[in-house]
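J.: Okay, handing you the structure first.
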Amino acid sequence: QLRLVESGGGLVQPGGSLRLSCAASGFSLADYTVGWFHQAPGEVREGGSCITVSDGGDENGSTYYADSVKGRFTISRDNVANTLYLQIKSLEPEDTGVYFCAADPSYDGTYSCLDDKYAYWGQGTHVTVSS
């Protein structure tokens, strides 16, 4: 059974850092385009970062970030551990919300991998940025 489980959320002070994890089971992350999405309270879910499926030459494929998170968010994929990560630094109150990881085996490059057109989703992990 294909499953994605996020972890690593919690309460963090502004300016702090956090690393979120997304453990995959039942499939190999290396064969899927993957992404992290953020849903702020009362807002729609938005794509923050994504990695396309590896083309064999680069373990991590091609990486993309939303303009709003460039320089603060780093997405990475460990194909051996079958886990997706999101490193966030300089956390801001606006980063508060639920973070979801997602995976899709059929991404074809005709749209942005930041769009939420993914087949499989985790249940989300909550992050609260507050002093």
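Chain labels run A, B, ... following the order of the structure tokens; each chain numbers its residues from 1, and ligands are numbered from 1 in the order shown.
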Set out as a tab-separated table a contact list for segment 72-92 of chain A and segment 20-44 of chain A with a cut-off of 10 Å, giving each residue of segment 72-92 of chain A that qualifies its closest atom pair and distance in Å to one decimal, counting only C-alpha atoms, ordered by chain and rising residue number.

T.:
```
residue	atom	partner	partner_atom	distance
A:Ile75	CA	A:Trp36	CA	7.9
A:Ser76	CA	A:Gly35	CA	9.6
A:Arg77	CA	A:Leu29	CA	7.9
A:Asp78	CA	A:Leu29	CA	8.4
A:Asn79	CA	A:Ala30	CA	5.7
A:Val80	CA	A:Ala30	CA	8.9
A:Ala81	CA	A:Ala23	CA	8.1
A:Asn82	CA	A:Leu29	CA	5.7
A:Thr83	CA	A:Ala23	CA	4.5
A:Leu84	CA	A:Cys22	CA	4.9
A:Tyr85	CA	A:Ser21	CA	4.6
A:Leu86	CA	A:Leu20	CA	5.0
A:Gln87	CA	A:Leu20	CA	6.4
A:Ile88	CA	A:Leu20	CA	8.1
```

J.: Can I get the selected residues back with C-alpha atoms, as a tab-separated table (two decimals), in the first residue's frame?

T.:
```tsv
chain	number	residue	atom	x	y	z
A	75	ILE	CA	13.77	20.39	-0.57
A	76	SER	CA	15.77	17.20	-0.84
A	77	ARG	CA	15.15	13.54	-1.46
A	78	ASP	CA	17.07	10.61	0.00
A	79	ASN	CA	16.38	7.73	-2.34
A	80	VAL	CA	18.09	5.21	-0.07
A	81	ALA	CA	16.02	6.20	2.96
A	82	ASN	CA	13.00	6.71	0.67
A	83	THR	CA	12.32	9.97	2.44
A	84	LEU	CA	11.61	13.51	1.30
A	85	TYR	CA	12.82	16.44	3.39
A	86	LEU	CA	12.05	20.11	3.68
A	87	GLN	CA	14.55	22.29	5.49
A	88	ILE	CA	13.13	25.67	6.48
```

J.: Just list as an MDAnalysis selection string whatever in segment 26-128 of chain A DSSP marks as strand (DSSP E or B).

T.: chainID A and resid 33:39 45:51 63:65 73:78 83:88 97:104 120:121 125:128

J.: From the set A:Gly124, A:Gly8, A:Gly48, A:Pro105, which residue has the shortest atom-to-atom contact distance to Thr74 of chain A, counting only C-alpha atoms?

T.: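 Of A:Gly124, A:Gly8, A:Gly48, A:Pro105, the one nearest Thr74 of chain A is A:Gly48, counting only C-alpha atoms.
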
J.: In terms of the shortest atom-to-atom distance over only C-alpha atoms, which of A:Ser131, A:Ala103, A:Tyr118, A:Asp108 is closest to Leu4 of chain A?

T.: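 For Leu4 of chain A, the nearest of the candidates is A:Ala103.
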